[in-house]
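The next block is query_10.cif, given as mmCIF, C-alpha atoms and all ligand atoms.
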data_work
#
loop_
_atom_site.label_atom_id
_atom_site.label_comp_id
_atom_site.auth_asym_id
_atom_site.auth_seq_id
_atom_site.Cartn_x
_atom_site.Cartn_y
_atom_site.Cartn_z
CA MET A 186 23.09 10.62 -9.34
CA ALA A 187 23.73 8.22 -12.20
CA SER A 188 21.17 5.50 -12.89
CA GLN A 189 22.11 1.94 -12.02
CA SER A 190 22.78 1.28 -15.70
CA GLY A 191 25.33 4.12 -15.54
CA SER A 192 23.85 5.64 -18.71
CA GLY A 193 22.69 9.01 -17.40
CA PRO A 194 20.58 10.78 -14.81
CA MET A 195 17.96 8.85 -12.86
CA ARG A 196 14.38 9.56 -13.99
CA VAL A 197 11.92 7.97 -11.58
CA LEU A 198 8.32 7.53 -12.69
CA VAL A 199 5.90 6.85 -9.82
CA THR A 200 2.61 5.33 -11.01
CA GLY A 201 -0.20 5.93 -8.54
CA GLY A 202 1.69 9.03 -7.41
CA SER A 203 -1.50 10.78 -6.30
CA GLY A 204 -2.50 8.09 -3.78
CA LEU A 205 -1.67 7.36 -0.14
CA ILE A 206 1.78 5.84 -0.70
CA GLY A 207 2.58 8.01 -3.74
CA LYS A 208 1.97 11.19 -1.74
CA ALA A 209 4.14 9.86 1.08
CA ILE A 210 7.02 9.13 -1.33
CA GLU A 211 6.58 12.60 -2.82
CA HIS A 212 6.81 14.10 0.67
CA VAL A 213 9.94 12.11 1.55
CA VAL A 214 11.65 12.97 -1.74
CA MET A 215 10.59 16.58 -2.29
CA LYS A 216 10.10 17.89 1.27
CA ASP A 217 12.27 15.73 3.53
CA GLY A 218 15.33 16.22 1.32
CA GLU A 219 15.76 12.65 -0.01
CA LYS A 220 15.98 13.86 -3.61
CA ARG A 221 19.55 13.71 -4.88
CA GLU A 222 21.28 15.87 -7.41
CA GLY A 223 20.56 14.84 -10.99
CA GLU A 224 17.41 12.92 -10.07
CA HIS A 225 14.11 13.71 -11.71
CA TRP A 226 10.91 12.43 -10.11
CA ILE A 227 7.53 12.27 -11.87
CA PHE A 228 4.36 11.49 -9.89
CA LEU A 229 1.48 10.25 -12.05
CA SER A 230 -2.23 10.16 -11.33
CA SER A 231 -4.90 8.35 -13.35
CA LYS A 232 -5.58 11.72 -15.00
CA ASP A 233 -2.18 11.53 -16.71
CA ALA A 234 -2.89 8.05 -18.11
CA ASN A 235 -5.35 5.25 -17.56
CA LEU A 236 -2.86 2.40 -17.07
CA MET A 237 -5.54 -0.18 -17.88
CA ASP A 238 -5.07 1.03 -21.45
CA LEU A 239 -1.85 -0.12 -23.16
CA GLU A 240 -1.67 2.81 -25.60
CA GLN A 241 -2.03 5.36 -22.80
CA THR A 242 0.60 3.49 -20.78
CA ARG A 243 3.05 3.55 -23.68
CA ALA A 244 2.35 7.23 -24.33
CA VAL A 245 3.05 8.29 -20.75
CA PHE A 246 6.27 6.22 -20.68
CA GLU A 247 7.31 7.76 -24.03
CA LYS A 248 6.65 11.21 -22.63
CA HIS A 249 8.74 10.78 -19.48
CA ARG A 250 11.32 8.17 -20.58
CA PRO A 251 11.94 6.81 -17.06
CA THR A 252 15.06 4.89 -16.08
CA HIS A 253 13.34 3.68 -12.88
CA VAL A 254 9.70 3.02 -11.97
CA ILE A 255 7.94 2.77 -8.63
CA HIS A 256 4.69 1.07 -9.57
CA LEU A 257 1.90 1.83 -7.10
CA ALA A 258 -1.14 2.31 -9.33
CA ALA A 259 -3.84 -0.21 -8.53
CA LYS A 260 -7.47 -0.67 -7.75
CA VAL A 261 -7.28 -0.49 -3.94
CA GLY A 262 -9.90 -0.77 -1.19
CA GLY A 263 -10.89 -2.13 2.20
CA LEU A 264 -12.27 -5.56 3.05
CA TYR A 265 -15.91 -4.79 2.27
CA LEU A 266 -15.21 -3.38 -1.22
CA HIS A 267 -13.09 -6.47 -1.99
CA MET A 268 -15.96 -8.76 -1.01
CA ARG A 269 -18.29 -6.95 -3.46
CA GLU A 270 -15.87 -6.57 -6.39
CA ASN A 271 -13.44 -9.49 -6.58
CA LEU A 272 -13.76 -9.62 -10.37
CA TYR A 273 -12.85 -5.94 -10.86
CA PHE A 274 -9.93 -6.23 -8.43
CA LEU A 275 -8.63 -9.18 -10.45
CA ARG A 276 -9.11 -7.79 -13.97
CA ASP A 277 -8.18 -4.14 -13.38
CA ASN A 278 -5.01 -5.02 -11.51
CA LEU A 279 -3.91 -7.74 -13.96
CA ARG A 280 -4.24 -5.24 -16.80
CA ILE A 281 -2.50 -2.36 -15.03
CA ASN A 282 0.38 -4.55 -13.89
CA ASP A 283 0.96 -6.21 -17.26
CA ASN A 284 0.81 -2.87 -19.10
CA VAL A 285 3.28 -1.23 -16.72
CA LEU A 286 5.77 -4.11 -16.49
CA GLN A 287 5.77 -4.91 -20.21
CA THR A 288 6.09 -1.23 -21.19
CA ALA A 289 8.95 -0.81 -18.70
CA HIS A 290 10.65 -3.83 -20.29
CA ALA A 291 10.02 -2.60 -23.85
CA MET A 292 11.49 0.82 -23.03
CA GLY A 293 14.56 -0.50 -21.25
CA VAL A 294 13.69 0.63 -17.72
CA THR A 295 16.54 -0.43 -15.40
CA LYS A 296 14.52 -1.14 -12.28
CA VAL A 297 10.84 -1.45 -11.33
CA VAL A 298 9.64 -1.67 -7.72
CA SER A 299 6.02 -2.85 -7.51
CA CYS A 300 3.72 -3.25 -4.53
CA LEU A 301 2.27 -6.52 -3.30
CA SER A 302 0.40 -6.72 0.03
CA SER A 303 0.42 -8.95 3.10
CA CYS A 304 -3.24 -9.86 2.43
CA ILE A 305 -2.17 -11.95 -0.59
CA PHE A 306 -0.51 -14.67 1.52
CA PRO A 307 -2.18 -18.08 1.92
CA ASP A 308 -5.19 -18.09 4.23
CA LYS A 309 -4.22 -21.40 5.81
CA THR A 310 -0.63 -20.97 6.88
CA THR A 311 1.81 -21.03 9.74
CA TYR A 312 2.79 -17.79 11.47
CA PRO A 313 4.69 -15.60 11.16
CA ILE A 314 4.48 -15.30 7.39
CA ASP A 315 7.64 -14.58 5.42
CA GLU A 316 8.56 -13.73 1.85
CA THR A 317 9.02 -17.37 0.80
CA MET A 318 5.35 -18.27 1.45
CA ILE A 319 3.42 -16.16 -1.09
CA HIS A 320 2.42 -18.99 -3.41
CA ASN A 321 1.94 -21.75 -0.81
CA GLY A 322 -1.87 -21.99 -0.96
CA PRO A 323 -5.09 -20.12 -1.78
CA PRO A 324 -5.52 -16.60 -0.36
CA HIS A 325 -8.42 -15.63 1.92
CA GLU A 326 -11.70 -15.86 0.01
CA SER A 327 -12.66 -12.24 0.78
CA ASN A 328 -9.99 -10.78 -1.54
CA TYR A 329 -8.95 -13.59 -3.87
CA GLY A 330 -9.26 -11.38 -6.97
CA TYR A 331 -6.78 -8.76 -5.77
CA SER A 332 -4.51 -11.42 -4.25
CA HIS A 333 -4.16 -13.47 -7.41
CA ALA A 334 -3.50 -10.35 -9.51
CA LYS A 335 -0.83 -9.20 -7.04
CA ARG A 336 0.80 -12.64 -6.83
CA MET A 337 1.28 -12.56 -10.61
CA ILE A 338 3.57 -9.52 -10.25
CA ASP A 339 6.02 -11.74 -8.38
CA VAL A 340 5.72 -14.44 -11.06
CA GLN A 341 6.23 -11.85 -13.80
CA ASN A 342 9.26 -10.31 -12.06
CA ARG A 343 10.91 -13.72 -11.89
CA ALA A 344 10.15 -14.33 -15.57
CA TYR A 345 11.61 -10.97 -16.66
CA PHE A 346 14.73 -11.85 -14.70
CA GLY A 347 14.86 -15.38 -16.13
CA GLN A 348 14.51 -14.33 -19.76
CA TYR A 349 16.02 -10.83 -19.80
CA GLY A 350 17.98 -10.45 -16.55
CA HIS A 351 15.87 -7.47 -15.41
CA ARG A 352 15.99 -6.66 -11.71
CA TYR A 353 12.28 -5.91 -11.34
CA THR A 354 11.20 -6.50 -7.75
CA ALA A 355 8.33 -5.98 -5.32
CA VAL A 356 7.69 -4.92 -1.74
CA ILE A 357 5.07 -6.41 0.57
CA PRO A 358 3.66 -3.74 2.89
CA THR A 359 1.33 -4.64 5.73
CA ASN A 360 -1.66 -2.30 6.41
CA VAL A 361 -0.65 1.25 5.42
CA PHE A 362 -2.42 4.41 6.61
CA GLY A 363 -1.74 8.15 6.62
CA PRO A 364 -2.60 11.52 5.06
CA HIS A 365 -4.17 11.39 1.56
CA ASP A 366 -5.64 7.94 2.23
CA ASN A 367 -9.18 7.09 1.15
CA PHE A 368 -11.41 7.95 4.14
CA ASN A 369 -14.59 6.60 2.54
CA GLU A 370 -16.71 4.80 5.14
CA ASP A 371 -17.82 1.96 2.86
CA GLU A 372 -14.79 1.48 0.64
CA GLY A 373 -11.74 2.60 2.64
CA HIS A 374 -9.35 0.57 4.77
CA VAL A 375 -10.17 0.17 8.42
CA LEU A 376 -8.25 3.00 10.12
CA THR A 377 -9.24 5.78 7.76
CA ALA A 378 -12.86 4.56 7.44
CA ILE A 379 -13.05 4.53 11.24
CA MET A 380 -11.48 8.01 11.50
CA ASN A 381 -14.22 9.38 9.24
CA LYS A 382 -16.94 7.52 11.17
CA THR A 383 -15.55 8.73 14.49
CA TYR A 384 -15.34 12.33 13.27
CA LYS A 385 -19.02 12.20 12.25
CA ALA A 386 -20.16 10.35 15.40
CA LYS A 387 -18.54 13.06 17.52
CA ARG A 388 -19.97 15.86 15.38
CA ASP A 389 -23.51 14.35 15.33
CA ASN A 390 -23.42 12.95 18.87
CA THR A 391 -24.14 9.40 17.65
CA THR A 392 -22.76 5.89 18.25
CA LEU A 393 -19.56 4.84 16.45
CA ASN A 394 -20.30 1.68 14.45
CA VAL A 395 -17.31 -0.61 13.95
CA TRP A 396 -17.78 -3.49 11.52
CA GLY A 397 -16.95 -6.98 12.75
CA SER A 398 -15.87 -8.06 16.23
CA GLY A 399 -12.78 -5.85 16.65
CA LYS A 400 -10.76 -9.01 17.42
CA PRO A 401 -8.69 -9.41 14.20
CA LEU A 402 -5.02 -8.47 14.47
CA ARG A 403 -3.11 -6.20 12.08
CA GLN A 404 0.35 -4.65 11.69
CA PHE A 405 -0.21 -1.03 10.72
CA ILE A 406 2.55 1.04 9.12
CA PHE A 407 2.49 4.81 8.76
CA SER A 408 2.68 5.97 5.12
CA MET A 409 5.76 8.18 5.65
CA ASP A 410 7.69 5.11 6.90
CA ILE A 411 6.68 3.19 3.77
CA GLY A 412 7.73 6.21 1.71
CA ARG A 413 11.22 6.22 3.23
CA LEU A 414 11.56 2.45 2.87
CA MET A 415 10.47 2.43 -0.76
CA VAL A 416 13.06 5.04 -1.67
CA TRP A 417 15.65 2.80 0.01
CA VAL A 418 14.39 -0.24 -1.94
CA LEU A 419 14.64 1.69 -5.20
CA ARG A 420 18.22 2.71 -4.49
CA GLU A 421 19.75 -0.13 -2.52
CA TYR A 422 17.73 -3.36 -2.62
CA ASP A 423 19.10 -5.55 -5.40
CA GLU A 424 17.06 -8.75 -5.13
CA VAL A 425 14.28 -9.82 -7.49
CA ASN A 426 12.61 -11.68 -4.62
CA PRO A 427 10.19 -9.46 -2.68
CA ILE A 428 10.72 -7.95 0.76
CA ILE A 429 8.17 -7.43 3.54
CA LEU A 430 7.98 -3.80 4.72
CA SER A 431 6.40 -3.90 8.14
CA VAL A 432 6.64 -3.10 11.80
CA GLY A 433 7.60 -6.12 13.93
CA GLU A 434 5.32 -8.90 15.13
CA GLU A 435 5.39 -7.36 18.61
CA ASP A 436 3.66 -4.26 17.20
CA GLU A 437 0.60 -6.16 15.98
CA VAL A 438 -2.62 -4.76 17.52
CA SER A 439 -6.29 -5.71 17.50
CA ILE A 440 -8.79 -3.64 15.51
CA GLN A 441 -10.36 -2.74 18.88
CA GLU A 442 -7.07 -1.33 20.20
CA ALA A 443 -6.65 0.73 17.04
CA VAL A 444 -10.25 2.00 17.24
CA GLU A 445 -9.59 3.13 20.82
CA MET A 446 -6.48 5.03 19.70
CA ILE A 447 -8.58 6.82 17.04
CA ALA A 448 -11.29 7.67 19.60
CA GLU A 449 -8.58 9.11 21.86
CA ALA A 450 -6.95 11.11 19.04
CA LEU A 451 -10.29 12.61 17.99
CA GLU A 452 -11.46 12.99 21.62
CA PHE A 453 -14.57 10.90 20.96
CA LYS A 454 -16.25 9.98 24.26
CA GLY A 455 -19.46 8.37 22.91
CA GLN A 456 -20.54 4.73 22.58
CA ILE A 457 -18.64 2.28 20.37
CA HIS A 458 -20.66 -0.60 18.90
CA TYR A 459 -19.10 -3.67 17.25
CA ASP A 460 -21.41 -5.15 14.59
CA THR A 461 -20.59 -8.85 14.80
CA SER A 462 -23.06 -9.69 12.02
CA LEU A 463 -20.44 -8.38 9.57
CA SER A 464 -17.35 -10.26 8.37
CA ASP A 465 -14.06 -10.01 10.27
CA GLY A 466 -12.05 -10.90 7.17
CA GLN A 467 -8.71 -12.55 7.91
CA LEU A 468 -8.24 -13.05 11.63
CA LYS A 469 -4.55 -12.26 11.32
CA LYS A 470 -1.75 -12.18 8.77
CA THR A 471 1.22 -11.72 11.07
CA ALA A 472 4.24 -10.91 8.93
CA ASN A 473 7.89 -11.32 9.85
CA ASN A 474 10.16 -8.36 9.05
CA ALA A 475 13.45 -10.21 9.72
CA LYS A 476 14.64 -9.76 6.13
CA LEU A 477 14.13 -5.99 6.34
CA ARG A 478 15.87 -5.97 9.72
CA ARG A 479 18.88 -7.76 8.25
CA TYR A 480 19.26 -4.91 5.76
CA LEU A 481 18.16 -2.02 8.03
CA PRO A 482 18.61 -3.00 11.69
CA ASP A 483 18.30 0.60 12.90
CA PHE A 484 15.26 1.80 10.96
CA THR A 485 12.79 3.44 13.35
CA PHE A 486 9.07 3.16 12.72
CA THR A 487 6.59 5.84 13.72
CA PRO A 488 4.70 4.52 16.78
CA LEU A 489 1.11 3.63 15.87
CA ARG A 490 -0.46 6.07 18.34
CA GLU A 491 1.63 8.91 16.89
CA GLY A 492 0.81 7.97 13.27
CA ILE A 493 -2.88 7.80 14.11
CA LYS A 494 -2.78 11.22 15.78
CA LEU A 495 -0.95 12.76 12.80
CA THR A 496 -3.45 11.24 10.37
CA CYS A 497 -6.50 12.30 12.42
CA ASP A 498 -5.13 15.86 12.61
CA TRP A 499 -4.54 15.87 8.84
CA PHE A 500 -8.07 14.56 8.23
CA VAL A 501 -9.74 17.18 10.44
CA LYS A 502 -7.70 19.96 8.83
CA ASN A 503 -8.36 18.72 5.28
CA TYR A 504 -11.91 17.43 5.78
CA GLU A 505 -13.34 19.43 2.87
CA HIS A 506 -10.82 18.07 0.35
CA ALA A 507 -9.99 14.61 1.73
CA ARG A 508 -11.08 11.52 -0.21
CA THR A 509 -14.33 10.57 1.45
P1 LIG A 601 -4.55 4.64 -3.29
O1 LIG A 601 -4.36 5.71 -2.28
O2 LIG A 601 -5.92 4.13 -3.54
O3 LIG A 601 -3.93 5.16 -4.66
C1 LIG A 601 -4.08 4.42 -5.83
C2 LIG A 601 -3.34 5.13 -6.92
O4 LIG A 601 -3.49 4.38 -8.14
C3 LIG A 601 -3.88 6.53 -7.21
O5 LIG A 601 -2.80 7.38 -7.50
C4 LIG A 601 -4.74 6.32 -8.45
O6 LIG A 601 -4.84 7.48 -9.26
C5 LIG A 601 -3.94 5.25 -9.16
N1 LIG A 601 -4.74 4.48 -10.10
C6 LIG A 601 -5.81 3.69 -9.82
N2 LIG A 601 -6.31 3.17 -10.97
C7 LIG A 601 -5.53 3.66 -11.97
C8 LIG A 601 -5.55 3.50 -13.39
N3 LIG A 601 -6.47 2.73 -14.00
N4 LIG A 601 -4.62 4.15 -14.12
C9 LIG A 601 -3.70 4.94 -13.51
N5 LIG A 601 -3.61 5.12 -12.20
C10 LIG A 601 -4.53 4.49 -11.44
O7 LIG A 601 -3.65 3.38 -2.97
P2 LIG A 601 -2.38 3.20 -2.03
O8 LIG A 601 -2.88 2.77 -0.69
O9 LIG A 601 -1.48 4.36 -2.16
O10 LIG A 601 -1.71 1.91 -2.68
C11 LIG A 601 -0.56 1.99 -3.51
C12 LIG A 601 -0.08 0.58 -3.79
O11 LIG A 601 0.27 -0.06 -2.57
C13 LIG A 601 -1.10 -0.32 -4.47
O12 LIG A 601 -0.45 -1.12 -5.43
C14 LIG A 601 -1.63 -1.17 -3.34
O13 LIG A 601 -2.10 -2.41 -3.79
C15 LIG A 601 -0.40 -1.31 -2.47
N6 LIG A 601 -0.65 -1.58 -1.05
C16 LIG A 601 -1.42 -0.73 -0.30
C17 LIG A 601 -1.64 -1.02 1.05
C18 LIG A 601 -2.51 -0.16 1.92
O14 LIG A 601 -2.76 -0.54 3.08
N7 LIG A 601 -2.98 0.99 1.45
C19 LIG A 601 -1.07 -2.16 1.62
C20 LIG A 601 -0.28 -2.99 0.83
C21 LIG A 601 -0.08 -2.68 -0.50
P3 LIG A 601 -5.99 8.62 -9.03
O15 LIG A 601 -6.17 8.77 -7.56
O16 LIG A 601 -5.41 9.81 -9.68
O17 LIG A 601 -7.23 8.09 -9.69
P1 LIG A 602 -7.66 -6.03 5.54
O1 LIG A 602 -6.61 -5.80 6.56
O2 LIG A 602 -7.10 -6.37 4.20
O3 LIG A 602 -8.67 -7.02 6.00
O4 LIG A 602 -8.41 -4.65 5.24
P2 LIG A 602 -9.14 -3.52 6.08
O5 LIG A 602 -8.23 -2.38 6.25
O6 LIG A 602 -10.41 -3.28 5.34
O7 LIG A 602 -9.41 -4.09 7.56
C1 LIG A 602 -10.44 -4.98 7.77
C2 LIG A 602 -10.60 -5.30 9.24
O8 LIG A 602 -11.07 -4.14 9.95
C3 LIG A 602 -11.66 -6.37 9.41
O9 LIG A 602 -11.37 -7.14 10.56
C4 LIG A 602 -12.93 -5.54 9.63
O10 LIG A 602 -13.91 -6.26 10.34
C5 LIG A 602 -12.38 -4.39 10.46
N1 LIG A 602 -13.21 -3.16 10.34
C6 LIG A 602 -13.94 -2.61 11.35
N2 LIG A 602 -14.60 -1.53 10.92
C7 LIG A 602 -14.27 -1.37 9.62
C8 LIG A 602 -14.62 -0.39 8.63
O11 LIG A 602 -15.39 0.54 8.85
N3 LIG A 602 -14.05 -0.54 7.39
C9 LIG A 602 -13.17 -1.54 7.10
N4 LIG A 602 -12.63 -1.61 5.88
N5 LIG A 602 -12.84 -2.49 8.00
C10 LIG A 602 -13.38 -2.41 9.25
#

Spit out the file's structure as structure tokens when you get a sec.
Amino acid sequence: MASQSGSGPMRVLVTGGSGLIGKAIEHVVMKDGEKREGEHWIFLSSKDANLMDLEQTRAVFEKHRPTHVIHLAAKVGGLYLHMRENLYFLRDNLRINDNVLQTAHAMGVTKVVSCLSSCIFPDKTTYPIDETMIHNGPPHESNYGYSHAKRMIDVQNRAYFGQYGHRYTAVIPTNVFGPHDNFNEDEGHVLTAIMNKTYKAKRDNTTLNVWGSGKPLRQFIFSMDIGRLMVWVLREYDEVNPIILSVGEEDEVSIQEAVEMIAEALEFKGQIHYDTSLSDGQLKKTANNAKLRRYLPDFTFTPLREGIKLTCDWFVKNYEHART
């Protein structure tokens, strides 16, 4: 397939290609048959280049000469890691994003698709949230470092378009989960941290400790769905303005409901304790996927219960090698 510039084959560089979403894109492209003739896909890990370092970023771009970039690399973590490390989330992500976007510009990359997140929206807002509301007020205080760094990608994309006409864009996923996620109990996102805790509580015959009240609401999206959608964005979505990639508002569930699905998937029958002395984070961040639906009215999402079961099965099977 020719690149959008029409100047040759499409060479897609995926930063953060070894992570949750990167592995899902790799699966969709290499195993599910999405790869087209003439396309070359490169999946990077931090071992190939530390993207906080400009020289290493330039060197890896020089080596692969991409025409297109899916930019996933970031410092990523769950609520409780954000609360401890707001400064690192801000500085690391600002550096990575500026290095990647500016190097892409300097080397004439046709298109870059970066990743924002639904947790970067204003804390005090009306619901549902849509793509026009990113910069309407301060983000939740628990993750303001990450949020401000991510918001700047949108600002930078607009500036590259304004000055150079580049169509660099961004997607806004809600809470993603799936195989190859970080299952660390202290630092991971809620579903995978809870899967690990549940696995151990069952094995050791102990209580499952859930942090917070279990009342907050989230829209969870299975990583393979995000993988398919990001490949579509790379090929077909032509706007600079970002697009929310999420299940619908009707699919929002409470943390407690999700915990119960994990207990069922792992056949955990013991006690579940909610530690209300710990923060709940944002109560909700209900996102509207109407823009996505206008483009892809028939896209089918993996039902949450099914995605949770697939991820639990993957975790049990890969326990020795999973990120814990
Ligand atoms: P992840 O599993 O933690 O993967 C992060 C990736 O970034 C890994 O491939 C990692 O490489 C790479 N990376 C981290 N620091 C790097 C550095 N200094 N230099 C080069 N590479 C570096 O994260 P993910 O969940 O796939 O997230 C991917 C993107 O989606 C991120 O931009 C994130 O903000 C966004 N996002 C995620 C979610 C979610 O719920 N997970 C929701 C919304 C948006 P190594 O593993 O090789 O070190
Ligand atoms: P968020 O959606 O950006 O807030 O990120 P998380 O994936 O970390 O989800 C946080 C929500 O899950 C909060 O309401 C937490 O109280 C709740 N939660 C319950 N147990 C855990 C846990 O073990 N780890 C994490 N990260 N969150 C948990």

Legend entry - All residues having an atom within 6 Å of ligand LIG 601 (chain A) (only C-alpha atoms and all ligand atoms) as a PyMOL selection string: chain A and resi 201-207+230-232+234-237+257-261+300-302+358-361+366

Written file, previous selection with C-alpha atoms, as a compact mmCIF listing (two decimals), in the frame of the given file:
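The resulting file, again02.txt, is shown below:
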# COMPACT_ATOMS: atom_id res chain seq x y z
CA GLY A 201 -0.20 5.93 -8.54
CA GLY A 202 1.69 9.03 -7.41
CA SER A 203 -1.50 10.78 -6.30
CA GLY A 204 -2.50 8.09 -3.78
CA LEU A 205 -1.67 7.36 -0.14
CA ILE A 206 1.78 5.84 -0.70
CA GLY A 207 2.58 8.01 -3.74
CA SER A 230 -2.23 10.16 -11.33
CA SER A 231 -4.90 8.35 -13.35
CA LYS A 232 -5.58 11.72 -15.00
CA ALA A 234 -2.89 8.05 -18.11
CA ASN A 235 -5.35 5.25 -17.56
CA LEU A 236 -2.86 2.40 -17.07
CA MET A 237 -5.54 -0.18 -17.88
CA LEU A 257 1.90 1.83 -7.10
CA ALA A 258 -1.14 2.31 -9.33
CA ALA A 259 -3.84 -0.21 -8.53
CA LYS A 260 -7.47 -0.67 -7.75
CA VAL A 261 -7.28 -0.49 -3.94
CA CYS A 300 3.72 -3.25 -4.53
CA LEU A 301 2.27 -6.52 -3.30
CA SER A 302 0.40 -6.72 0.03
CA PRO A 358 3.66 -3.74 2.89
CA THR A 359 1.33 -4.64 5.73
CA ASN A 360 -1.66 -2.30 6.41
CA VAL A 361 -0.65 1.25 5.42
CA ASP A 366 -5.64 7.94 2.23

Inset, instruction - Output the neighbourhood of ligand LIG 602 (chain A) as a PyMOL selection string, that is, all protein and nucleic acid residues with some atom at most 6 Å from the ligand, counting all atoms listed in the file. - result: chain A and resi 263-265+304+370+373-375+378-379+395-397+401+464-467

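Of the residues under consideration (A:Ile314, A:Val432, A:Val416, A:Leu489), A:Val416 shows the shortest atom-to-atom contact distance to Lys220 in chain A when counting only C-alpha atoms.
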
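Closest approach to Val425 in chain A among A:Leu463, A:Val199, A:Val298, A:Leu495 is made by A:Val298 (distances from all atoms listed in the file).
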
Legend entry - Nearest candidate to Tyr422 in chain A (options A:Tyr480, A:Phe346, A:Tyr331, A:Phe246; using all atoms listed in the file):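 Looking only at the distances to Tyr422 in chain A, the closest residue turns out to be A:Tyr480.
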
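Comparing A:Ser398, A:Leu430, A:Asn367, A:Asp389 by their smallest distance to Thr509 in chain A, the closest is A:Asn367 (using only C-alpha atoms).
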
Legend entry - Best match for closeness to Phe486 in chain A among A:His333, A:Lys400, A:Arg250, A:Arg413, counting only C-alpha atoms: A:Arg413

Fewer than 3 positions away in the same chain doesn't count, so skip those; otherwise give me all residues within 10 Å of His267 in chain A, counting only C-alpha atoms, as a short mmCIF file (atom, residue, chain, number, x, y, z; two decimals) with C-alpha atoms, keeping the file's coordinate frame.
data_model
loop_
_atom_site.label_atom_id
_atom_site.label_comp_id
_atom_site.auth_asym_id
_atom_site.auth_seq_id
_atom_site.Cartn_x
_atom_site.Cartn_y
_atom_site.Cartn_z
CA LYS A 260 -7.47 -0.67 -7.75
CA VAL A 261 -7.28 -0.49 -3.94
CA GLY A 262 -9.90 -0.77 -1.19
CA GLY A 263 -10.89 -2.13 2.20
CA LEU A 264 -12.27 -5.56 3.05
CA GLU A 270 -15.87 -6.57 -6.39
CA ASN A 271 -13.44 -9.49 -6.58
CA LEU A 272 -13.76 -9.62 -10.37
CA TYR A 273 -12.85 -5.94 -10.86
CA PHE A 274 -9.93 -6.23 -8.43
CA LEU A 275 -8.63 -9.18 -10.45
CA GLU A 326 -11.70 -15.86 0.01
CA SER A 327 -12.66 -12.24 0.78
CA ASN A 328 -9.99 -10.78 -1.54
CA TYR A 329 -8.95 -13.59 -3.87
CA GLY A 330 -9.26 -11.38 -6.97
CA TYR A 331 -6.78 -8.76 -5.77
CA GLU A 372 -14.79 1.48 0.64
#

Inset, instruction - Excluding Glu434 in chain A and residues on its chain fewer than 4 positions from it, collect all residues at most 9 Å away from it, counting all atoms listed in the file, and give them as a list in words. - result: Pro313, Gln404, Thr471, Ala472, Asn473 and Asn474 of chain A

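With only C-alpha atoms as the atoms that count, the residue of A:His365, A:Arg478, A:Arg336, A:Arg420 with the shortest distance to Val501 in chain A is A:His365.
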
Inset, instruction - Give me the residues within 10 Å of Asp233 in chain A as a PyMOL selection string, counting all atoms listed in the file and dropping any in the same chain fewer than 6 places off. - result: chain A and resi 200+241-242+244-245

Excluding same-chain residues fewer than 5 positions from Met409 in chain A, what lies within 8 Å of it counting all atoms listed in the file, as an mmCIF file with C-alpha atoms, keeping the file's coordinate frame?
data_model
loop_
_atom_site.group_PDB
_atom_site.id
_atom_site.type_symbol
_atom_site.label_atom_id
_atom_site.label_comp_id
_atom_site.auth_asym_id
_atom_site.auth_seq_id
_atom_site.Cartn_x
_atom_site.Cartn_y
_atom_site.Cartn_z
ATOM 1 C CA ILE A 206 1.780 5.840 -0.700
ATOM 2 C CA ALA A 209 4.140 9.860 1.080
ATOM 3 C CA ILE A 210 7.020 9.130 -1.330
ATOM 4 C CA HIS A 212 6.810 14.100 0.670
ATOM 5 C CA VAL A 213 9.940 12.110 1.550
ATOM 6 C CA GLY A 363 -1.740 8.150 6.620
#

Legend entry - Selection near Ala448 in chain A, 9 Å with all atoms listed in the file, sequence-local residues under 6 positions removed, as a list in words: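 Near neighbours after the sequence-gap exclusion: Met380, Thr383, Tyr384, Lys454 and Gly455 of chain A.
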
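One distance worth recording is that between CA of Lys476 in chain A and CA of Ile428 in chain A, which is 6.9 Å.
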
Inset, instruction - Would you mind reading off the distance between CA of Ile255 in chain A and CA of Met337 in chain A, one decimal, in Å? - result: 16.8 Å
